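Novice: After the structure tokens below, expect a handful of questions from me.
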Amino acid sequence: MTTNPIDEEFMKGLSESFQKAQERAQQPPTEHQLEQEQRRQADIAEYGNEQEFTYKKIRCYMLRRYGKYWCGYLDCGIVEDVFNRLNGVAHGGMTAHNGFDCAHLGDYPVDPDGEYRDYAYVRKVLEDLVDELVV
């Protein structure tokens, strides 16, 4: 049985990525990482893990997943063409649950070198989504 060279290349890259992640986990946190963690802890202390608000008569809610990063959701039905239009507004694109999450490359703590997306950021994105809906 022969091995597909593409599969070999993929597995080699995956192995290298895993090794780099293990090496990074062994390193002390950088100043940037410490700063982002302080921002995250302050955000948790001030806002907890759940928030809800109404903006332009649309209920918006925020949940912190795994105690780490925010997800934002709109409590309304969205048809497919509008959902697709909102993809460009939502951080990282829309999810199947009429919302978005802050767990992407570039988002701390999923990406240790990323930026922490705090309450104010997620609320603003939710308001931008509503503004796009209510035109």
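By convention in this document, the chains of the structure tokens carry letters A, B, ... by their order, each chain's residues are numbered from 1, and ligands are numbered from 1 in the order they are shown.
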Enumerate the residues of range 27-79 of chain A with a DSSP assignment of strand (DSSP E), computed from the backbone, and present them as a PyMOL selection string.
Specialist: chain A and resi 50-55+58-65+69-74
Novice: Which polymer residues have any atom within 12 Å of an atom of Ala120 in chain A, counting only C-alpha atoms, with same-chain residues fewer than 4 positions away left out, as a list in words?
Specialist: Arg39, Arg40, Asp43, Glu46, Tyr47, Gln51, Met62, Trp70, Gly72, Tyr116, Lys124, Val125, Leu126 and Glu127 of chain A
Novice: Please, which residues of chain A, numbered as in this document, come out alpha helix (DSSP H) from DSSP, as a PyMOL selection string?
Specialist: chain A and resi 5-26+31-47+80-86+119-133
Novice: Would you mind listing what lies within 9 Å of Tyr61 in chain A as a PyMOL selection string, with only C-alpha atoms counted and same-chain residues fewer than 3 positions away left out?
Specialist: chain A and resi 50-54+71-75+123+126
Novice: Just to confirm, what's the straight-line distance from CA of Lys20 in chain A to CA of His91 in chain A in Å (one decimal)?
Specialist: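 Result for CA of Lys20 in chain A versus CA of His91 in chain A: 26.6 Å, one decimal.
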Novice: Please measure the separation of CA of Arg64 in chain A and CA of Gly88 in chain A, giving the value in Å to one decimal.
Specialist: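 Pair CA of Arg64 in chain A / CA of Gly88 in chain A returns 22.1 Å.
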Novice: Could you state the separation of CA of Gly99 in chain A and CA of Asn49 in chain A in Å, given to one decimal place?
Specialist: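 Taking CA of Gly99 in chain A as the start and CA of Asn49 in chain A as the end point, the length is 16.2 Å.
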Novice: Could I get the residues of range 13-124 of chain A with an atom no further than 9 Å from an atom of range 130-133 of chain A, each paired with its nearest atom pair and that distance in Å to one decimal, using only C-alpha atoms, sorted by chain and residue number, as a Markdown table?
Specialist:
```
| residue | atom | partner | partner_atom | distance |
| --- | --- | --- | --- | --- |
| A:Tyr55 | CA | A:Val130 | CA | 7.3 |
| A:Lys56 | CA | A:Val130 | CA | 7.4 |
| A:Ile58 | CA | A:Val130 | CA | 7.2 |
| A:Cys60 | CA | A:Val130 | CA | 8.8 |
| A:Leu74 | CA | A:Val130 | CA | 8.0 |
| A:Ile78 | CA | A:Leu133 | CA | 8.9 |
| A:Val82 | CA | A:Leu133 | CA | 7.5 |
| A:Arg85 | CA | A:Glu132 | CA | 8.4 |
| A:Leu86 | CA | A:Glu132 | CA | 7.2 |
| A:Val89 | CA | A:Glu132 | CA | 8.1 |
```
Novice: Give me, as a VMD selection string, all polymer residues having an atom no more than 12 Å from Cys102 in chain A, counting only C-alpha atoms and skipping those fewer than 6 positions away in the same chain.
Specialist: chain A and resid 62 to 66 68 to 73 90 to 95 108 to 111 114 to 119 121 to 122 125
Novice: Write the residues of the preceding selection, restricted to N, CA and C atoms, as a PDB file, in the first residue's frame.
Specialist:
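Listing of again_32.pdb after writing:
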```pdb
ATOM      1  N   MET A  62     -24.447  37.437  25.461  1.00  0.00           N
ATOM      2  CA  MET A  62     -23.035  37.082  25.405  1.00  0.00           C
ATOM      3  C   MET A  62     -22.773  35.976  26.420  1.00  0.00           C
ATOM      4  N   LEU A  63     -22.047  34.978  26.006  1.00  0.00           N
ATOM      5  CA  LEU A  63     -21.650  33.893  26.897  1.00  0.00           C
ATOM      6  C   LEU A  63     -20.145  33.722  26.804  1.00  0.00           C
ATOM      7  N   ARG A  64     -19.531  33.547  27.955  1.00  0.00           N
ATOM      8  CA  ARG A  64     -18.088  33.268  27.961  1.00  0.00           C
ATOM      9  C   ARG A  64     -17.938  31.748  27.965  1.00  0.00           C
ATOM     10  N   ARG A  65     -17.358  31.206  26.935  1.00  0.00           N
ATOM     11  CA  ARG A  65     -17.182  29.760  26.809  1.00  0.00           C
ATOM     12  C   ARG A  65     -15.927  29.303  27.552  1.00  0.00           C
ATOM     13  N   TYR A  66     -16.112  28.239  28.314  1.00  0.00           N
ATOM     14  CA  TYR A  66     -15.017  27.598  29.043  1.00  0.00           C
ATOM     15  C   TYR A  66     -14.280  28.588  29.955  1.00  0.00           C
ATOM     16  N   LYS A  68     -13.130  31.347  29.148  1.00  0.00           N
ATOM     17  CA  LYS A  68     -11.992  31.911  28.425  1.00  0.00           C
ATOM     18  C   LYS A  68     -12.356  33.018  27.449  1.00  0.00           C
ATOM     19  N   TYR A  69     -13.276  32.769  26.529  1.00  0.00           N
ATOM     20  CA  TYR A  69     -13.531  33.735  25.457  1.00  0.00           C
ATOM     21  C   TYR A  69     -15.031  33.953  25.289  1.00  0.00           C
ATOM     22  N   TRP A  70     -15.379  35.143  24.816  1.00  0.00           N
ATOM     23  CA  TRP A  70     -16.770  35.500  24.599  1.00  0.00           C
ATOM     24  C   TRP A  70     -17.308  34.942  23.290  1.00  0.00           C
ATOM     25  N   CYS A  71     -18.606  34.656  23.305  1.00  0.00           N
ATOM     26  CA  CYS A  71     -19.400  34.397  22.108  1.00  0.00           C
ATOM     27  C   CYS A  71     -20.568  35.369  22.174  1.00  0.00           C
ATOM     28  N   GLY A  72     -20.963  35.919  21.041  1.00  0.00           N
ATOM     29  CA  GLY A  72     -22.086  36.843  20.999  1.00  0.00           C
ATOM     30  C   GLY A  72     -23.178  36.301  20.102  1.00  0.00           C
ATOM     31  N   TYR A  73     -24.455  36.490  20.520  1.00  0.00           N
ATOM     32  CA  TYR A  73     -25.589  35.938  19.787  1.00  0.00           C
ATOM     33  C   TYR A  73     -26.716  36.956  19.666  1.00  0.00           C
ATOM     34  N   ALA A  90     -19.594  40.031  11.459  1.00  0.00           N
ATOM     35  CA  ALA A  90     -19.302  39.240  12.660  1.00  0.00           C
ATOM     36  C   ALA A  90     -17.815  38.911  12.744  1.00  0.00           C
ATOM     37  N   HIS A  91     -17.282  38.989  13.941  1.00  0.00           N
ATOM     38  CA  HIS A  91     -15.883  38.626  14.169  1.00  0.00           C
ATOM     39  C   HIS A  91     -15.691  37.150  13.815  1.00  0.00           C
ATOM     40  N   GLY A  92     -14.883  36.871  12.813  1.00  0.00           N
ATOM     41  CA  GLY A  92     -14.617  35.499  12.405  1.00  0.00           C
ATOM     42  C   GLY A  92     -15.746  34.848  11.631  1.00  0.00           C
ATOM     43  N   GLY A  93     -16.788  35.607  11.297  1.00  0.00           N
ATOM     44  CA  GLY A  93     -17.927  35.062  10.559  1.00  0.00           C
ATOM     45  C   GLY A  93     -19.015  34.568  11.490  1.00  0.00           C
ATOM     46  N   MET A  94     -20.192  34.413  10.939  1.00  0.00           N
ATOM     47  CA  MET A  94     -21.360  33.967  11.706  1.00  0.00           C
ATOM     48  C   MET A  94     -21.300  32.461  11.953  1.00  0.00           C
ATOM     49  N   THR A  95     -21.850  32.046  13.093  1.00  0.00           N
ATOM     50  CA  THR A  95     -22.002  30.627  13.392  1.00  0.00           C
ATOM     51  C   THR A  95     -23.445  30.232  13.118  1.00  0.00           C
ATOM     52  N   TYR A 108      -6.762  35.949  21.866  1.00  0.00           N
ATOM     53  CA  TYR A 108      -6.270  35.404  23.132  1.00  0.00           C
ATOM     54  C   TYR A 108      -7.480  34.922  23.929  1.00  0.00           C
ATOM     55  N   PRO A 109      -7.452  33.808  24.637  1.00  0.00           N
ATOM     56  CA  PRO A 109      -6.330  32.931  24.938  1.00  0.00           C
ATOM     57  C   PRO A 109      -6.155  31.752  23.985  1.00  0.00           C
ATOM     58  N   VAL A 110      -7.036  31.594  22.988  1.00  0.00           N
ATOM     59  CA  VAL A 110      -6.862  30.497  22.031  1.00  0.00           C
ATOM     60  C   VAL A 110      -5.507  30.629  21.343  1.00  0.00           C
ATOM     61  N   ASP A 111      -5.165  31.833  20.956  1.00  0.00           N
ATOM     62  CA  ASP A 111      -3.864  32.140  20.370  1.00  0.00           C
ATOM     63  C   ASP A 111      -3.092  32.945  21.415  1.00  0.00           C
ATOM     64  N   GLY A 114      -2.320  36.398  20.587  1.00  0.00           N
ATOM     65  CA  GLY A 114      -3.427  37.184  20.070  1.00  0.00           C
ATOM     66  C   GLY A 114      -3.886  38.276  21.026  1.00  0.00           C
ATOM     67  N   GLU A 115      -4.970  38.940  20.622  1.00  0.00           N
ATOM     68  CA  GLU A 115      -5.575  40.012  21.413  1.00  0.00           C
ATOM     69  C   GLU A 115      -6.805  39.467  22.126  1.00  0.00           C
ATOM     70  N   TYR A 116      -6.992  39.866  23.377  1.00  0.00           N
ATOM     71  CA  TYR A 116      -8.182  39.474  24.110  1.00  0.00           C
ATOM     72  C   TYR A 116      -9.360  40.316  23.634  1.00  0.00           C
ATOM     73  N   ARG A 117     -10.447  39.691  23.244  1.00  0.00           N
ATOM     74  CA  ARG A 117     -11.660  40.371  22.790  1.00  0.00           C
ATOM     75  C   ARG A 117     -12.579  40.515  23.996  1.00  0.00           C
ATOM     76  N   ASP A 118     -12.641  41.716  24.546  1.00  0.00           N
ATOM     77  CA  ASP A 118     -13.351  41.950  25.800  1.00  0.00           C
ATOM     78  C   ASP A 118     -14.830  42.258  25.595  1.00  0.00           C
ATOM     79  N   TYR A 119     -15.519  42.493  26.719  1.00  0.00           N
ATOM     80  CA  TYR A 119     -16.948  42.783  26.709  1.00  0.00           C
ATOM     81  C   TYR A 119     -17.280  43.918  25.741  1.00  0.00           C
ATOM     82  N   TYR A 121     -15.716  45.042  23.168  1.00  0.00           N
ATOM     83  CA  TYR A 121     -15.520  44.640  21.773  1.00  0.00           C
ATOM     84  C   TYR A 121     -16.703  43.797  21.285  1.00  0.00           C
ATOM     85  N   VAL A 122     -17.074  42.789  22.058  1.00  0.00           N
ATOM     86  CA  VAL A 122     -18.139  41.875  21.650  1.00  0.00           C
ATOM     87  C   VAL A 122     -19.475  42.609  21.589  1.00  0.00           C
ATOM     88  N   VAL A 125     -19.581  44.586  18.361  1.00  0.00           N
ATOM     89  CA  VAL A 125     -19.836  43.730  17.195  1.00  0.00           C
ATOM     90  C   VAL A 125     -21.313  43.348  17.143  1.00  0.00           C
TER      91      VAL A 125
END
```
